[in-house]
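Coordinates as given in model-v8.cif (mmCIF, C-alpha atoms and all ligand atoms):
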```cif
data_data
#
loop_
_atom_site.label_atom_id
_atom_site.label_comp_id
_atom_site.auth_asym_id
_atom_site.auth_seq_id
_atom_site.Cartn_x
_atom_site.Cartn_y
_atom_site.Cartn_z
CA MET A 23 94.42 84.57 128.05
CA SER A 24 94.98 87.67 130.19
CA ALA A 25 98.39 87.42 131.94
CA ALA A 26 101.39 87.84 129.65
CA VAL A 27 103.05 84.51 128.91
CA ALA A 28 106.01 85.91 126.98
CA THR A 29 106.84 89.14 125.18
CA LEU A 30 108.94 87.49 122.48
CA ALA A 31 107.96 85.02 119.79
CA VAL A 32 109.64 83.24 116.93
CA ILE A 33 107.61 82.08 113.94
CA GLY A 34 109.44 79.26 112.20
CA GLY A 35 108.99 78.65 108.49
CA THR A 36 110.11 75.96 106.06
CA GLY A 37 112.96 74.04 107.67
CA MET A 38 111.96 75.21 111.14
CA ASP A 39 108.76 73.36 112.02
CA ARG A 40 110.63 72.57 115.24
CA TRP A 41 113.18 74.62 117.08
CA PRO A 42 115.69 72.19 118.61
CA SER A 43 117.23 74.86 120.90
CA LEU A 44 113.88 75.44 122.58
CA LYS A 45 113.07 72.98 125.34
CA PRO A 46 109.29 73.39 125.60
CA GLU A 47 107.99 73.85 129.14
CA ARG A 48 104.37 74.32 128.11
CA GLU A 49 102.28 73.68 125.06
CA LEU A 50 99.41 76.10 124.56
CA THR A 51 96.53 74.93 122.40
CA LEU A 52 94.66 78.14 121.72
CA ASP A 53 91.67 79.42 119.86
CA THR A 54 91.07 83.01 118.78
CA ASP A 55 88.23 85.08 117.31
CA TYR A 56 89.76 84.16 113.94
CA GLY A 57 90.14 80.44 114.55
CA ALA A 58 93.05 78.29 115.66
CA PRO A 59 96.70 79.08 114.91
CA SER A 60 98.79 76.79 112.70
CA ALA A 61 99.92 74.72 115.70
CA PRO A 62 99.97 74.82 119.49
CA LEU A 63 102.30 77.54 120.76
CA LEU A 64 105.37 76.16 122.50
CA LEU A 65 106.63 78.09 125.50
CA GLY A 66 110.20 77.55 126.62
CA ARG A 67 113.48 79.29 127.24
CA VAL A 68 116.44 79.96 125.01
CA GLN A 69 119.50 81.40 126.75
CA GLY A 70 117.23 81.77 129.78
CA VAL A 71 114.82 84.01 127.87
CA PRO A 72 111.11 83.04 127.83
CA VAL A 73 109.98 82.77 124.25
CA LEU A 74 107.01 81.38 122.35
CA PHE A 75 107.50 79.36 119.20
CA LEU A 76 104.94 78.86 116.46
CA ALA A 77 105.40 76.53 113.49
CA ARG A 78 103.92 78.62 110.67
CA HIS A 79 103.14 75.68 108.39
CA GLY A 80 101.95 73.43 111.24
CA ARG A 81 103.96 70.88 113.15
CA ALA A 82 103.96 68.39 110.31
CA HIS A 83 104.51 71.09 107.68
CA GLU A 84 101.01 70.45 106.40
CA LEU A 85 99.77 74.00 105.66
CA ALA A 86 100.46 75.57 102.27
CA PRO A 87 101.30 79.29 102.37
CA HIS A 88 97.84 80.37 101.15
CA ARG A 89 96.08 78.10 103.68
CA ILE A 90 97.85 79.45 106.76
CA ASN A 91 95.53 81.30 109.14
CA TYR A 92 97.82 84.30 109.56
CA ARG A 93 95.24 86.25 111.57
CA ALA A 94 94.83 83.45 114.09
CA ASN A 95 98.61 83.08 114.34
CA LEU A 96 99.25 86.72 115.12
CA LYS A 97 96.20 87.08 117.33
CA ALA A 98 97.15 84.02 119.40
CA LEU A 99 100.60 85.49 119.99
CA ALA A 100 99.14 88.89 120.91
CA ASN A 101 96.73 87.23 123.33
CA CYS A 102 99.76 85.73 125.10
CA GLY A 103 101.32 89.16 125.59
CA VAL A 104 103.78 89.00 122.69
CA HIS A 105 104.84 92.32 121.20
CA THR A 106 108.12 91.37 119.53
CA VAL A 107 108.09 88.82 116.71
CA ILE A 108 110.99 87.33 114.76
CA ALA A 109 109.93 85.56 111.59
CA ILE A 110 112.28 82.99 110.09
CA SER A 111 111.66 82.62 106.36
CA ALA A 112 113.30 80.54 103.67
CA VAL A 113 113.49 82.53 100.43
CA GLY A 114 114.79 82.22 96.90
CA GLY A 115 117.65 84.59 96.14
CA ILE A 116 117.16 87.06 93.28
CA ALA A 117 119.90 89.62 93.97
CA ARG A 118 123.44 88.51 93.19
CA TRP A 119 124.42 89.15 96.81
CA LEU A 120 121.85 86.65 98.11
CA ALA A 121 123.31 83.35 96.91
CA PRO A 122 122.00 80.15 98.48
CA GLY A 123 123.40 79.88 101.99
CA SER A 124 123.30 83.66 102.55
CA LEU A 125 121.22 85.35 105.22
CA CYS A 126 119.70 88.81 105.31
CA VAL A 127 117.38 90.98 107.36
CA PRO A 128 114.99 92.47 104.79
CA SER A 129 114.03 96.13 105.02
CA ASP A 130 111.00 96.24 102.71
CA LEU A 131 108.59 94.07 100.77
CA VAL A 132 106.29 93.88 97.76
CA ASP A 133 103.07 91.91 98.22
CA TYR A 134 101.93 89.76 95.27
CA THR A 135 99.62 87.53 97.29
CA TRP A 136 95.86 87.48 96.77
CA GLY A 137 92.77 86.05 98.40
CA ARG A 138 94.30 85.82 101.87
CA ALA A 139 92.57 87.27 104.93
CA HIS A 140 95.01 90.14 105.12
CA SER A 141 93.58 92.50 107.71
CA PHE A 142 91.95 92.73 111.11
CA TYR A 143 90.33 95.96 109.89
CA SER A 144 87.82 94.81 107.33
CA GLY A 145 85.02 97.05 108.47
CA GLY A 146 83.39 94.93 111.16
CA GLY A 147 80.91 92.09 110.88
CA ALA A 148 81.58 88.39 111.20
CA GLN A 149 84.91 88.57 109.36
CA ALA A 150 86.33 91.12 111.77
CA PRO A 151 84.73 90.50 115.12
CA ASP A 152 86.65 93.04 117.17
CA ARG A 153 87.66 95.81 114.80
CA GLY A 154 86.26 98.47 112.50
CA LEU A 155 88.06 100.05 109.57
CA ARG A 156 91.57 101.51 109.79
CA HIS A 157 94.35 102.13 107.31
CA ILE A 158 97.61 101.51 109.16
CA GLU A 159 100.86 103.02 107.95
CA PHE A 160 103.15 100.39 106.47
CA THR A 161 105.94 102.50 104.98
CA GLU A 162 108.52 100.44 106.87
CA PRO A 163 107.08 96.95 107.27
CA TYR A 164 109.89 95.70 109.50
CA ALA A 165 110.65 97.09 112.97
CA ALA A 166 113.97 98.94 113.14
CA ARG A 167 114.74 97.82 116.70
CA VAL A 168 114.26 94.12 115.97
CA ARG A 169 116.18 94.36 112.69
CA ARG A 170 119.05 96.08 114.51
CA GLU A 171 119.25 93.38 117.18
CA LEU A 172 119.25 90.58 114.62
CA LEU A 173 122.11 92.25 112.77
CA ARG A 174 123.99 92.97 115.99
CA ALA A 175 123.55 89.35 117.07
CA ALA A 176 124.94 88.14 113.74
CA SER A 177 127.97 90.37 114.02
CA THR A 178 128.72 89.17 117.58
CA ARG A 179 128.86 85.66 116.11
CA ASP A 180 131.03 86.83 113.21
CA MET A 181 128.33 85.99 110.72
CA ASP A 182 127.88 87.86 107.51
CA VAL A 183 124.21 88.84 107.33
CA THR A 184 123.11 91.53 104.88
CA ASP A 185 121.34 94.57 106.25
CA GLY A 186 118.34 95.23 104.01
CA GLY A 187 116.76 93.94 100.86
CA VAL A 188 113.29 93.77 99.37
CA MET A 189 111.20 90.64 99.76
CA GLY A 190 108.69 89.81 97.06
CA VAL A 191 105.89 87.68 98.51
CA THR A 192 104.22 85.36 96.02
CA GLN A 193 101.12 83.24 96.39
CA GLY A 194 102.58 79.77 95.98
CA PRO A 195 102.50 76.97 96.72
CA ARG A 196 104.18 76.45 93.38
CA LEU A 197 107.52 78.09 92.73
CA GLU A 198 107.66 80.93 90.21
CA THR A 199 108.27 80.91 86.47
CA ALA A 200 111.46 82.47 85.12
CA ALA A 201 109.40 85.34 83.69
CA GLU A 202 107.76 85.99 87.05
CA ILE A 203 111.19 86.24 88.63
CA ARG A 204 112.34 88.68 85.93
CA ARG A 205 109.26 90.76 86.74
CA LEU A 206 110.10 90.70 90.45
CA GLN A 207 113.64 91.75 89.56
CA ARG A 208 112.30 94.73 87.59
CA ASP A 209 110.08 95.58 90.55
CA GLY A 210 113.16 95.83 92.77
CA CYS A 211 112.80 92.56 94.68
CA ASP A 212 116.01 91.00 96.02
CA MET A 213 114.40 87.77 97.23
CA VAL A 214 111.17 85.83 96.93
CA GLY A 215 109.16 83.99 99.57
CA MET A 216 105.54 82.94 100.05
CA THR A 217 104.64 83.73 103.65
CA GLY A 218 105.90 87.23 104.48
CA MET A 219 102.44 88.65 103.80
CA PRO A 220 99.98 89.18 105.29
CA GLU A 221 102.02 88.16 108.35
CA ALA A 222 104.01 91.40 108.55
CA ALA A 223 100.97 93.63 108.03
CA LEU A 224 98.87 91.80 110.61
CA ALA A 225 101.66 92.16 113.17
CA ALA A 226 101.73 95.89 112.41
CA GLU A 227 97.95 96.13 112.79
CA LEU A 228 98.29 94.60 116.25
CA GLY A 229 101.03 97.07 117.18
CA MET A 230 103.71 94.38 117.34
CA GLU A 231 107.35 94.91 116.44
CA TYR A 232 108.08 92.40 113.70
CA ALA A 233 111.21 91.61 111.70
CA CYS A 234 112.33 88.78 109.48
CA LEU A 235 115.51 86.78 109.21
CA ALA A 236 115.53 85.54 105.62
CA LEU A 237 117.53 82.50 104.60
CA SER A 238 118.35 82.12 100.93
CA VAL A 239 117.96 78.43 100.21
CA ASN A 240 118.02 78.50 96.39
CA TRP A 241 118.46 80.77 93.42
CA ALA A 242 115.02 81.89 92.30
CA ALA A 243 113.53 80.29 89.17
CA GLY A 244 115.53 80.79 86.00
CA LEU A 245 118.64 82.11 87.74
CA ALA A 246 120.51 78.80 87.99
CA ASP A 247 120.66 75.49 86.18
CA GLY A 248 119.14 72.33 87.58
CA PRO A 249 116.17 71.54 89.76
CA ILE A 250 115.51 74.13 92.47
CA HIS A 251 114.66 71.48 95.05
CA ASP A 252 118.14 69.98 94.85
CA GLN A 253 119.55 73.34 95.94
CA ILE A 254 117.06 73.74 98.79
CA ASP A 255 117.72 70.35 100.34
CA THR A 256 121.46 70.85 100.63
CA VAL A 257 121.38 74.45 101.90
CA LEU A 258 118.48 74.50 104.34
CA ALA A 259 120.12 72.72 107.29
CA ARG A 260 123.22 74.91 107.09
CA CYS A 261 121.11 78.09 107.07
CA MET A 262 119.06 76.86 110.01
CA ALA A 263 122.12 76.31 112.18
CA ARG A 264 123.16 79.89 111.54
CA ALA A 265 119.66 81.23 112.19
CA ASP A 266 119.60 79.34 115.47
CA ALA A 267 122.88 80.93 116.59
CA ILE A 268 121.60 84.40 115.67
CA LEU A 269 118.39 83.87 117.62
CA ALA A 270 120.33 82.72 120.67
CA ALA A 271 122.40 85.89 120.55
CA ALA A 272 119.51 88.26 119.80
CA LEU A 273 116.92 87.11 122.33
CA PRO A 274 118.67 88.23 125.56
CA ALA A 275 119.11 91.78 124.22
CA LEU A 276 115.53 91.95 122.99
CA ARG A 277 114.24 90.63 126.31
CA ALA A 278 116.29 93.17 128.26
CA GLN A 279 114.77 95.95 126.15
CA ASP A 280 111.25 94.57 126.66
CA ALA A 281 111.84 94.34 130.43
CA ARG A 282 113.03 97.95 130.60
CA ARG A 283 109.98 99.03 128.64
CA ASP A 284 107.58 97.01 130.79
CA GLY A 285 109.34 98.07 134.01
CA ASP A 286 110.06 94.53 135.23
N1 LIG B 1 110.25 81.10 95.68
C1 LIG B 1 109.30 81.32 96.62
N2 LIG B 1 109.45 80.95 97.89
C2 LIG B 1 110.59 80.33 98.24
C3 LIG B 1 111.60 80.05 97.32
C4 LIG B 1 111.43 80.47 95.96
O1 LIG B 1 112.29 80.26 95.09
N3 LIG B 1 112.58 79.41 98.00
C5 LIG B 1 112.17 79.32 99.29
N4 LIG B 1 110.96 79.86 99.44
#
```
Show the structure stored in the file as structure tokens.
Amino acid sequence: MSAAVATLAVIGGTGMDRWPSLKPERELTLDTDYGAPSAPLLLGRVQGVPVLFLARHGRAHELAPHRINYRANLKALANCGVHTVIAISAVGGIARWLAPGSLCVPSDLVDYTWGRAHSFYSGGGAQAPDRGLRHIEFTEPYAARVRRELLRAASTRDMDVTDGGVMGVTQGPRLETAAEIRRLQRDGCDMVGMTGMPEAALAAELGMEYACLALSVNWAAGLADGPIHDQIDTVLARCMARADAILAAALPALRAQDARRDGD
């Protein structure tokens, strides 16, 4: 695809296989050098802003975190002209300030995943059709501008969203043991999710500005009594409504910045 379809994209995670606020105008079934993305991209408008939506786990939530084709997802968005990506991710809260129902915009991450195709720069050959070898800088995995707009959007809606926090990204699909969570705590992680990597790094390799809105939907393993899934089911819908309101407030500002940059 050559002409830009949209500059902004939202990748929806658990609880957001659909985005009710987006009225899709087009559905793009795409293929890339790395295969097909998790689902067709949906193009629509939110608050009048053109935006692409991708269901990270597939439309029927059928893809486990380690089976997601992250490279195809990011490449498909890039091929449509996207350079700003907001990732919505359900996480387990580890820090005391990230109780279930809380939202935050993480500032850093620790990657515990393994065996995922985590780079476009694997040194060429069939696994990396269009790239050689490069070591991108990843000191700050999340884009400051996108983080700022998410936080500004939350404050315009009077929503308490924490600025910062470290995301530990585990392999899944199982949840963690209590000892694994204690280890993440010692490592400085404030929250735990399963899909933040390699997504963030691939976006960086493609030169995209990427940030995450993290929704705490449970206390991480060992930090609360009772089955974790009971917590998730009750909290997820409430978090999603707040994420939706933040997106609606953030997108016009992000689009205006993109338009100034692109001169349109
Ligand atoms: N662990 C990992 N990923 C998650 C969790 C969790 O507790 N909750 C939501 N996503």
In terms of the shortest atom-to-atom distance over all atoms listed in the file, which of A:Gln207, A:Thr36, A:Thr54, A:Thr161 is closest to ligand LIG 1 (chain B)?
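Using all atoms listed in the file, ligand LIG 1 (chain B) sits closest to A:Thr36.
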Exercise: residues within 7 Å of coordinate (120.0, 87.7, 115.6), counting only C-alpha atoms, as number ranges by chain:
A: 171-176, 268-269, 271-272
Surrounding residues of region 215-224 of chain A excluding itself and chain neighbours under 2 positions, 6 Å, all atoms listed in the file, as a ChimeraX atom specification:
/A:87,92,113,140,191-194,226-227
Would you output that residue set with C-alpha atoms, as a PDB file, in the coordinates of the input?
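Heads up, here's the output in part-v1.pdb:
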```
ATOM      1  CA  PRO A  87     101.300  79.290 102.370  1.00  0.00           C
ATOM      2  CA  TYR A  92      97.820  84.300 109.560  1.00  0.00           C
ATOM      3  CA  VAL A 113     113.490  82.530 100.430  1.00  0.00           C
ATOM      4  CA  HIS A 140      95.010  90.140 105.120  1.00  0.00           C
ATOM      5  CA  VAL A 191     105.890  87.680  98.510  1.00  0.00           C
ATOM      6  CA  THR A 192     104.220  85.360  96.020  1.00  0.00           C
ATOM      7  CA  GLN A 193     101.120  83.240  96.390  1.00  0.00           C
ATOM      8  CA  GLY A 194     102.580  79.770  95.980  1.00  0.00           C
ATOM      9  CA  ALA A 226     101.730  95.890 112.410  1.00  0.00           C
ATOM     10  CA  GLU A 227      97.950  96.130 112.790  1.00  0.00           C
TER      11      GLU A 227
END
```
What does the distance from CA of Ala77 (chain A) to CA of Ser111 (chain A) come to in Å, to one decimal?
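That distance, rounded to one decimal, is 11.3 Å.
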Within 10 Å of Ala139 (chain A) using all atoms listed in the file, minus same-chain residues under 6 positions, as a list in words:
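Listed by chain and then number, they are Tyr56, His88, Arg89, Ile90, Asn91, Tyr92, Arg93, Gln149, Pro220 and Leu224 of chain A.
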Which residues of chain A sit at most 6 Å from ligand LIG 1 (chain B), using all atoms listed in the file? Give each one's shortest atom pair and distance in Å (one decimal place), in chain and ascending residue order, as a tab-separated table.
```
residue	atom	partner	partner_atom	distance
A:Ala112	CA	B:LIG1	C5	4.7
A:Val113	CA	B:LIG1	C5	3.7
A:Gly114	CA	B:LIG1	O1	3.7
A:Leu197	CA	B:LIG1	N1	5.0
A:Val214	CA	B:LIG1	C1	4.9
A:Gly215	CA	B:LIG1	N2	3.5
A:Met216	CA	B:LIG1	N2	4.9
A:Val239	CA	B:LIG1	N3	5.9
A:Asn240	CA	B:LIG1	N3	5.7
A:Ala242	CA	B:LIG1	O1	4.2
```
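Among the candidates A:Cys261, A:Arg179, A:Asp280, A:Thr51, the one nearest to Gly103 (chain A) when counting only C-alpha atoms is A:Asp280.
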Please report the interatomic distance between CA of Leu76 (chain A) and CA of Ala267 (chain A) in Å with one decimal.
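Here the two named atoms are 18.1 Å from each other.
For the residues A:Glu231, A:Asp53, A:Asp180, A:Asp247, ranking by smallest atom-to-atom distance to Ile108 (chain A) using all atoms listed in the file places A:Glu231 first.
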What is the distance, in Å and to one decimal place, between CA of Ala281 (chain A) and CA of Leu228 (chain A)?
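It comes out at 19.6 Å.
When only C-alpha atoms are used to compute distances to Leu52 (chain A), the closest of the residues A:Val107, A:Ala246, A:Leu64, A:Ala86 turns out to be A:Leu64.
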Select, from A:Glu162, A:Trp136, A:Ala31, A:Arg156, the residue with the minimum atom-to-atom distance to Ala109 (chain A), counting all atoms listed in the file.
A:Ala31
Restricting the calculation to all atoms listed in the file: of A:Gly80, A:Pro249, A:Gly285, A:Gly57, which residue gets closest to Gly34 (chain A)?
A:Gly80
Might you pull out every residue within 6 Å of Ala233 (chain A), with only C-alpha atoms counted and same-chain residues fewer than 4 positions away left off, and present them as a PyMOL selection string?
chain A and resi 108+164-165+168-169
From the structure block, carefully write region 80-98 of chain A out with N, CA, C and O atoms; format it as a PDB file, in the first residue's frame.
```
ATOM      1  N   GLY A  80      -6.406 -10.981  17.675  1.00  0.00           N
ATOM      2  CA  GLY A  80      -7.355 -11.455  16.672  1.00  0.00           C
ATOM      3  C   GLY A  80      -8.765 -11.054  17.071  1.00  0.00           C
ATOM      4  O   GLY A  80      -9.031 -10.746  18.235  1.00  0.00           O
ATOM      5  N   ARG A  81      -9.654 -11.081  16.084  1.00  0.00           N
ATOM      6  CA  ARG A  81     -11.009 -10.572  16.349  1.00  0.00           C
ATOM      7  C   ARG A  81     -11.792 -11.433  17.323  1.00  0.00           C
ATOM      8  O   ARG A  81     -12.681 -10.980  18.006  1.00  0.00           O
ATOM      9  N   ALA A  82     -11.451 -12.720  17.366  1.00  0.00           N
ATOM     10  CA  ALA A  82     -12.168 -13.608  18.286  1.00  0.00           C
ATOM     11  C   ALA A  82     -11.298 -13.932  19.499  1.00  0.00           C
ATOM     12  O   ALA A  82     -11.528 -14.914  20.193  1.00  0.00           O
ATOM     13  N   HIS A  83     -10.286 -13.101  19.729  1.00  0.00           N
ATOM     14  CA  HIS A  83      -9.351 -13.296  20.834  1.00  0.00           C
ATOM     15  C   HIS A  83      -8.773 -14.719  20.812  1.00  0.00           C
ATOM     16  O   HIS A  83      -8.725 -15.422  21.815  1.00  0.00           O
ATOM     17  N   GLU A  84      -8.284 -15.092  19.617  1.00  0.00           N
ATOM     18  CA  GLU A  84      -7.841 -16.477  19.458  1.00  0.00           C
ATOM     19  C   GLU A  84      -6.321 -16.632  19.535  1.00  0.00           C
ATOM     20  O   GLU A  84      -5.825 -17.770  19.572  1.00  0.00           O
ATOM     21  N   LEU A  85      -5.561 -15.548  19.533  1.00  0.00           N
ATOM     22  CA  LEU A  85      -4.100 -15.662  19.480  1.00  0.00           C
ATOM     23  C   LEU A  85      -3.477 -15.459  20.857  1.00  0.00           C
ATOM     24  O   LEU A  85      -3.613 -14.388  21.465  1.00  0.00           O
ATOM     25  N   ALA A  86      -2.773 -16.479  21.334  1.00  0.00           N
ATOM     26  CA  ALA A  86      -2.044 -16.339  22.609  1.00  0.00           C
ATOM     27  C   ALA A  86      -0.894 -15.354  22.415  1.00  0.00           C
ATOM     28  O   ALA A  86      -0.400 -15.183  21.291  1.00  0.00           O
ATOM     29  N   PRO A  87      -0.444 -14.730  23.499  1.00  0.00           N
ATOM     30  CA  PRO A  87       0.606 -13.703  23.377  1.00  0.00           C
ATOM     31  C   PRO A  87       1.839 -14.154  22.602  1.00  0.00           C
ATOM     32  O   PRO A  87       2.404 -13.389  21.825  1.00  0.00           O
ATOM     33  N   HIS A  88       2.275 -15.417  22.795  1.00  0.00           N
ATOM     34  CA  HIS A  88       3.493 -15.871  22.114  1.00  0.00           C
ATOM     35  C   HIS A  88       3.230 -16.294  20.670  1.00  0.00           C
ATOM     36  O   HIS A  88       4.172 -16.590  19.941  1.00  0.00           O
ATOM     37  N   ARG A  89       1.966 -16.325  20.264  1.00  0.00           N
ATOM     38  CA  ARG A  89       1.631 -16.715  18.882  1.00  0.00           C
ATOM     39  C   ARG A  89       1.315 -15.505  18.007  1.00  0.00           C
ATOM     40  O   ARG A  89       1.101 -15.645  16.801  1.00  0.00           O
ATOM     41  N   ILE A  90       1.266 -14.339  18.604  1.00  0.00           N
ATOM     42  CA  ILE A  90       0.947 -13.128  17.833  1.00  0.00           C
ATOM     43  C   ILE A  90       2.095 -12.835  16.872  1.00  0.00           C
ATOM     44  O   ILE A  90       3.267 -12.926  17.258  1.00  0.00           O
ATOM     45  N   ASN A  91       1.764 -12.482  15.647  1.00  0.00           N
ATOM     46  CA  ASN A  91       2.794 -12.105  14.675  1.00  0.00           C
ATOM     47  C   ASN A  91       3.035 -10.590  14.807  1.00  0.00           C
ATOM     48  O   ASN A  91       2.479  -9.781  14.064  1.00  0.00           O
ATOM     49  N   TYR A  92       3.858 -10.249  15.793  1.00  0.00           N
ATOM     50  CA  TYR A  92       4.081  -8.825  16.097  1.00  0.00           C
ATOM     51  C   TYR A  92       4.707  -8.096  14.907  1.00  0.00           C
ATOM     52  O   TYR A  92       4.406  -6.938  14.646  1.00  0.00           O
ATOM     53  N   ARG A  93       5.604  -8.777  14.206  1.00  0.00           N
ATOM     54  CA  ARG A  93       6.245  -8.108  13.057  1.00  0.00           C
ATOM     55  C   ARG A  93       5.216  -7.779  11.984  1.00  0.00           C
ATOM     56  O   ARG A  93       5.205  -6.675  11.433  1.00  0.00           O
ATOM     57  N   ALA A  94       4.345  -8.731  11.686  1.00  0.00           N
ATOM     58  CA  ALA A  94       3.321  -8.457  10.664  1.00  0.00           C
ATOM     59  C   ALA A  94       2.397  -7.331  11.134  1.00  0.00           C
ATOM     60  O   ALA A  94       1.986  -6.476  10.340  1.00  0.00           O
ATOM     61  N   ASN A  95       2.066  -7.316  12.416  1.00  0.00           N
ATOM     62  CA  ASN A  95       1.177  -6.265  12.929  1.00  0.00           C
ATOM     63  C   ASN A  95       1.783  -4.882  12.728  1.00  0.00           C
ATOM     64  O   ASN A  95       1.138  -3.968  12.196  1.00  0.00           O
ATOM     65  N   LEU A  96       3.020  -4.719  13.144  1.00  0.00           N
ATOM     66  CA  LEU A  96       3.641  -3.401  13.051  1.00  0.00           C
ATOM     67  C   LEU A  96       3.927  -3.035  11.603  1.00  0.00           C
ATOM     68  O   LEU A  96       3.747  -1.888  11.188  1.00  0.00           O
ATOM     69  N   LYS A  97       4.334  -4.013  10.821  1.00  0.00           N
ATOM     70  CA  LYS A  97       4.656  -3.740   9.415  1.00  0.00           C
ATOM     71  C   LYS A  97       3.390  -3.360   8.642  1.00  0.00           C
ATOM     72  O   LYS A  97       3.411  -2.464   7.807  1.00  0.00           O
ATOM     73  N   ALA A  98       2.289  -4.022   8.934  1.00  0.00           N
ATOM     74  CA  ALA A  98       1.030  -3.686   8.244  1.00  0.00           C
ATOM     75  C   ALA A  98       0.633  -2.241   8.559  1.00  0.00           C
ATOM     76  O   ALA A  98       0.209  -1.496   7.679  1.00  0.00           O
TER      77      ALA A  98
END
```
